[in-house]
file protein_33.cif (mmCIF, C-alpha atoms)
data_work
#
loop_
_atom_site.label_atom_id
_atom_site.label_comp_id
_atom_site.auth_asym_id
_atom_site.auth_seq_id
_atom_site.Cartn_x
_atom_site.Cartn_y
_atom_site.Cartn_z
CA MET A 6 -115.19 186.74 -21.98
CA SER A 7 -113.86 190.28 -22.10
CA VAL A 8 -115.93 193.43 -21.82
CA TYR A 9 -114.96 194.32 -25.39
CA CYS A 10 -116.45 191.05 -26.67
CA ASN A 11 -119.63 191.62 -24.65
CA ILE A 12 -120.13 195.02 -26.25
CA PHE A 13 -118.74 194.67 -29.78
CA GLY A 14 -118.65 190.91 -30.32
CA HIS A 15 -115.73 188.59 -30.91
CA ARG A 16 -112.91 189.21 -33.38
CA PHE A 17 -112.10 185.71 -34.59
CA GLU A 18 -109.06 184.96 -36.71
CA VAL A 19 -107.93 181.63 -38.15
CA SER A 20 -105.46 180.11 -35.70
CA LYS A 21 -104.97 176.81 -37.55
CA LYS A 22 -105.93 175.60 -41.00
CA VAL A 23 -106.73 171.90 -40.46
CA THR A 24 -107.89 171.04 -43.99
CA TYR A 25 -109.32 172.89 -46.96
CA HIS A 26 -112.74 173.00 -45.25
CA VAL A 27 -111.92 172.82 -41.53
CA SER A 28 -110.23 175.57 -39.54
CA GLU A 29 -109.73 176.55 -35.92
CA TYR A 30 -110.48 180.13 -34.88
CA LYS A 31 -109.40 182.18 -31.86
CA CYS A 32 -110.76 185.50 -30.61
CA ASP A 33 -108.03 188.16 -30.40
CA ASN A 34 -109.55 189.68 -27.27
CA CYS A 35 -110.77 186.88 -25.01
CA SER A 36 -109.00 183.81 -26.53
CA LYS A 37 -112.27 181.92 -27.07
CA GLU A 38 -111.70 179.11 -29.57
CA LEU A 39 -114.06 177.72 -32.20
CA THR A 40 -113.80 175.13 -34.95
CA THR A 41 -115.80 174.11 -37.99
CA ASN A 42 -118.23 171.22 -37.49
CA SER A 43 -119.39 168.65 -40.06
CA ASP A 44 -122.21 170.94 -41.23
CA GLY A 45 -119.87 173.89 -41.82
CA GLY A 46 -121.04 175.79 -38.74
CA LEU A 47 -118.86 177.07 -35.92
CA ILE A 48 -118.80 175.30 -32.54
CA GLU A 49 -116.71 175.64 -29.40
CA LEU A 50 -113.35 173.88 -29.60
CA THR A 51 -113.56 171.17 -26.93
CA PRO A 52 -110.80 168.63 -26.18
CA LYS A 53 -112.77 166.08 -28.23
CA PHE A 54 -112.86 168.34 -31.31
CA ARG A 55 -109.21 169.33 -30.77
CA GLU A 56 -108.25 165.62 -30.94
CA ILE A 57 -110.46 165.06 -34.02
CA ASN A 58 -108.86 168.06 -35.76
CA SER A 59 -105.39 166.80 -34.88
CA ILE A 60 -106.07 163.38 -36.42
CA LEU A 61 -107.76 164.96 -39.44
CA PHE A 62 -104.76 167.27 -39.94
CA ARG A 63 -102.34 164.33 -39.81
CA ILE A 64 -104.35 162.35 -42.40
CA TYR A 65 -104.76 165.41 -44.64
CA SER A 66 -101.04 166.27 -44.48
CA LYS A 67 -99.97 162.74 -45.38
CA ARG A 68 -102.38 162.66 -48.32
CA GLN A 69 -101.18 166.03 -49.61
CA ALA A 70 -97.52 164.94 -49.33
CA ARG A 71 -98.27 161.70 -51.19
CA LEU A 72 -100.04 163.60 -53.99
CA ARG A 73 -97.11 166.06 -54.30
CA ARG A 74 -94.61 163.19 -54.50
CA LYS A 75 -96.71 161.45 -57.15
CA GLU A 76 -96.95 164.68 -59.16
CA LEU A 77 -93.20 165.30 -58.95
CA HIS A 78 -92.49 161.72 -59.97
CA LYS A 79 -94.83 162.08 -62.95
CA ALA A 80 -93.19 165.38 -63.97
CA TYR A 81 -89.74 163.79 -63.73
CA LYS A 82 -90.79 160.90 -65.99
CA ILE A 83 -92.16 163.31 -68.62
CA SER A 84 -89.02 165.47 -68.69
CA SER A 85 -86.63 162.47 -68.89
#
call {"tool": "encode", "arguments": {"input": "protein_33.cif", "output": "structure tokens"}}
result
Amino acid sequence: MSVYCNIFGHRFEVSKKVTYHVSEYKCDNCSKELTTNSDGGLIELTPKFREINSILFRIYSKRQARLRRKELHKAYKISS
């Protein structure tokens, strides 16, 4: 942890948007990483949570792509 973080606190920014509700955060000064837990609180990003977020991101991305395709297909049917 840097001296700046000890004095002024961390300056976290979103480093990765996993889903609508889950994000990963990284401190600009000391590179400490946090993620959102199941209760909505912030916890340290461990290898276990990094793997969970990776799987969750993959599932979420596939679902969003499927919904977009379905919506485009529906829009194409209506305009034809």
call {"tool": "resolve_selection", "arguments": {"input": "protein_33.cif", "expression": "the PyMOL selection byres ((chain A and resi 57) around 12)", "output": "VMD selection string"}}
result
chain A and resid 23 to 24 27 to 29 40 to 43 50 to 56 58 to 64
call {"tool": "atom_distance", "arguments": {"input": "protein_33.cif", "atom1": "CA of Gly45 (chain A)", "atom2": "CA of Arg16 (chain A)"}}
result
18.8 Å
call {"tool": "residues_around", "arguments": {"input": "protein_33.cif", "residues": "Glu38 (chain A)", "least_positions_apart": "4", "cutoff": "7 Å", "atoms": "all atoms listed in the file", "output": "list in words"}}
result
Tyr30, Lys31, Cys32, Glu49 and Leu50 of chain A
call {"tool": "axis_aligned_box", "arguments": {"input": "protein_33.cif", "around": "region 28-47 of chain A", "padding_each_side": "8 Å", "output": "lines of an AutoDock Vina configuration file"}}
result
center_x = -115.1
center_y = 179.2
center_z = -33.4
size_x = 30.2
size_y = 37.0
size_z = 32.8
call {"tool": "atom_distance", "arguments": {"input": "protein_33.cif", "atom1": "CA of Lys67 (chain A)", "atom2": "CA of Ile83 (chain A)"}}
result
24.5 Å
call {"tool": "resolve_selection", "arguments": {"input": "protein_33.cif", "expression": "the PyMOL selection byres ((chain A and resi 15) around 9)", "output": "number ranges by chain"}}
result
A: 9-11, 13-14, 16-17, 32-35, 37
call {"tool": "write_last_selection", "arguments": {"input": "protein_33.cif", "atoms": "C-alpha atoms", "output": "tab-separated table (two decimals), in the frame of the given file"}}
result
chain	number	residue	atom	x	y	z
A	9	TYR	CA	-114.96	194.32	-25.39
A	10	CYS	CA	-116.45	191.05	-26.67
A	11	ASN	CA	-119.63	191.62	-24.65
A	13	PHE	CA	-118.74	194.67	-29.78
A	14	GLY	CA	-118.65	190.91	-30.32
A	16	ARG	CA	-112.91	189.21	-33.38
A	17	PHE	CA	-112.10	185.71	-34.59
A	32	CYS	CA	-110.76	185.50	-30.61
A	33	ASP	CA	-108.03	188.16	-30.40
A	34	ASN	CA	-109.55	189.68	-27.27
A	35	CYS	CA	-110.77	186.88	-25.01
A	37	LYS	CA	-112.27	181.92	-27.07
call {"tool": "atom_distance", "arguments": {"input": "protein_33.cif", "atom1": "CA of Asp44 (chain A)", "atom2": "CA of Ser20 (chain A)"}}
result
19.9 Å
call {"tool": "build_atoms", "arguments": {"input": "protein_33.cif", "residues": "region 37-59 of chain A", "atoms": "N, CA and C atoms", "output": "PDB file, keeping the file's coordinate frame"}}
result
ATOM      1  N   LYS A  37    -111.278 182.979 -26.862  1.00  0.00           N
ATOM      2  CA  LYS A  37    -112.270 181.920 -27.070  1.00  0.00           C
ATOM      3  C   LYS A  37    -111.945 181.222 -28.379  1.00  0.00           C
ATOM      4  N   GLU A  38    -112.063 179.877 -28.389  1.00  0.00           N
ATOM      5  CA  GLU A  38    -111.700 179.110 -29.570  1.00  0.00           C
ATOM      6  C   GLU A  38    -112.911 178.384 -30.148  1.00  0.00           C
ATOM      7  N   LEU A  39    -112.996 178.402 -31.473  1.00  0.00           N
ATOM      8  CA  LEU A  39    -114.060 177.720 -32.200  1.00  0.00           C
ATOM      9  C   LEU A  39    -113.435 176.870 -33.295  1.00  0.00           C
ATOM     10  N   THR A  40    -114.220 175.928 -33.810  1.00  0.00           N
ATOM     11  CA  THR A  40    -113.800 175.130 -34.950  1.00  0.00           C
ATOM     12  C   THR A  40    -115.002 174.906 -35.849  1.00  0.00           C
ATOM     13  N   THR A  41    -114.747 174.404 -37.022  1.00  0.00           N
ATOM     14  CA  THR A  41    -115.800 174.110 -37.990  1.00  0.00           C
ATOM     15  C   THR A  41    -116.330 172.710 -37.718  1.00  0.00           C
ATOM     16  N   ASN A  42    -117.660 172.564 -37.678  1.00  0.00           N
ATOM     17  CA  ASN A  42    -118.230 171.220 -37.490  1.00  0.00           C
ATOM     18  C   ASN A  42    -118.528 170.584 -38.834  1.00  0.00           C
ATOM     19  N   SER A  43    -119.135 169.405 -38.815  1.00  0.00           N
ATOM     20  CA  SER A  43    -119.390 168.650 -40.060  1.00  0.00           C
ATOM     21  C   SER A  43    -120.393 169.336 -40.972  1.00  0.00           C
ATOM     22  N   ASP A  44    -121.224 170.225 -40.421  1.00  0.00           N
ATOM     23  CA  ASP A  44    -122.210 170.940 -41.230  1.00  0.00           C
ATOM     24  C   ASP A  44    -121.677 172.274 -41.765  1.00  0.00           C
ATOM     25  N   GLY A  45    -120.449 172.629 -41.377  1.00  0.00           N
ATOM     26  CA  GLY A  45    -119.870 173.890 -41.820  1.00  0.00           C
ATOM     27  C   GLY A  45    -120.091 175.025 -40.851  1.00  0.00           C
ATOM     28  N   GLY A  46    -120.795 174.763 -39.753  1.00  0.00           N
ATOM     29  CA  GLY A  46    -121.040 175.790 -38.740  1.00  0.00           C
ATOM     30  C   GLY A  46    -119.886 175.871 -37.754  1.00  0.00           C
ATOM     31  N   LEU A  47    -119.910 176.895 -36.918  1.00  0.00           N
ATOM     32  CA  LEU A  47    -118.860 177.070 -35.920  1.00  0.00           C
ATOM     33  C   LEU A  47    -119.350 176.573 -34.562  1.00  0.00           C
ATOM     34  N   ILE A  48    -118.494 175.805 -33.880  1.00  0.00           N
ATOM     35  CA  ILE A  48    -118.800 175.300 -32.540  1.00  0.00           C
ATOM     36  C   ILE A  48    -117.583 175.505 -31.655  1.00  0.00           C
ATOM     37  N   GLU A  49    -117.808 175.466 -30.340  1.00  0.00           N
ATOM     38  CA  GLU A  49    -116.710 175.640 -29.400  1.00  0.00           C
ATOM     39  C   GLU A  49    -115.700 174.507 -29.539  1.00  0.00           C
ATOM     40  N   LEU A  50    -114.434 174.852 -29.442  1.00  0.00           N
ATOM     41  CA  LEU A  50    -113.350 173.880 -29.600  1.00  0.00           C
ATOM     42  C   LEU A  50    -113.123 173.171 -28.262  1.00  0.00           C
ATOM     43  N   THR A  51    -113.704 171.981 -28.127  1.00  0.00           N
ATOM     44  CA  THR A  51    -113.560 171.170 -26.930  1.00  0.00           C
ATOM     45  C   THR A  51    -112.362 170.237 -27.098  1.00  0.00           C
ATOM     46  N   PRO A  52    -111.905 169.591 -26.033  1.00  0.00           N
ATOM     47  CA  PRO A  52    -110.800 168.630 -26.180  1.00  0.00           C
ATOM     48  C   PRO A  52    -111.113 167.529 -27.191  1.00  0.00           C
ATOM     49  N   LYS A  53    -112.362 167.110 -27.266  1.00  0.00           N
ATOM     50  CA  LYS A  53    -112.770 166.080 -28.230  1.00  0.00           C
ATOM     51  C   LYS A  53    -112.551 166.573 -29.662  1.00  0.00           C
ATOM     52  N   PHE A  54    -113.017 167.787 -29.964  1.00  0.00           N
ATOM     53  CA  PHE A  54    -112.860 168.340 -31.310  1.00  0.00           C
ATOM     54  C   PHE A  54    -111.399 168.681 -31.606  1.00  0.00           C
ATOM     55  N   ARG A  55    -110.637 169.056 -30.582  1.00  0.00           N
ATOM     56  CA  ARG A  55    -109.210 169.330 -30.770  1.00  0.00           C
ATOM     57  C   ARG A  55    -108.494 168.045 -31.206  1.00  0.00           C
ATOM     58  N   GLU A  56    -108.851 166.915 -30.578  1.00  0.00           N
ATOM     59  CA  GLU A  56    -108.250 165.620 -30.940  1.00  0.00           C
ATOM     60  C   GLU A  56    -108.678 165.209 -32.354  1.00  0.00           C
ATOM     61  N   ILE A  57    -109.959 165.384 -32.682  1.00  0.00           N
ATOM     62  CA  ILE A  57    -110.460 165.060 -34.020  1.00  0.00           C
ATOM     63  C   ILE A  57    -109.720 165.885 -35.069  1.00  0.00           C
ATOM     64  N   ASN A  58    -109.564 167.181 -34.819  1.00  0.00           N
ATOM     65  CA  ASN A  58    -108.860 168.060 -35.760  1.00  0.00           C
ATOM     66  C   ASN A  58    -107.401 167.650 -35.916  1.00  0.00           C
ATOM     67  N   SER A  59    -106.782 167.225 -34.827  1.00  0.00           N
ATOM     68  CA  SER A  59    -105.390 166.800 -34.880  1.00  0.00           C
ATOM     69  C   SER A  59    -105.230 165.570 -35.774  1.00  0.00           C
TER      70      SER A  59
END
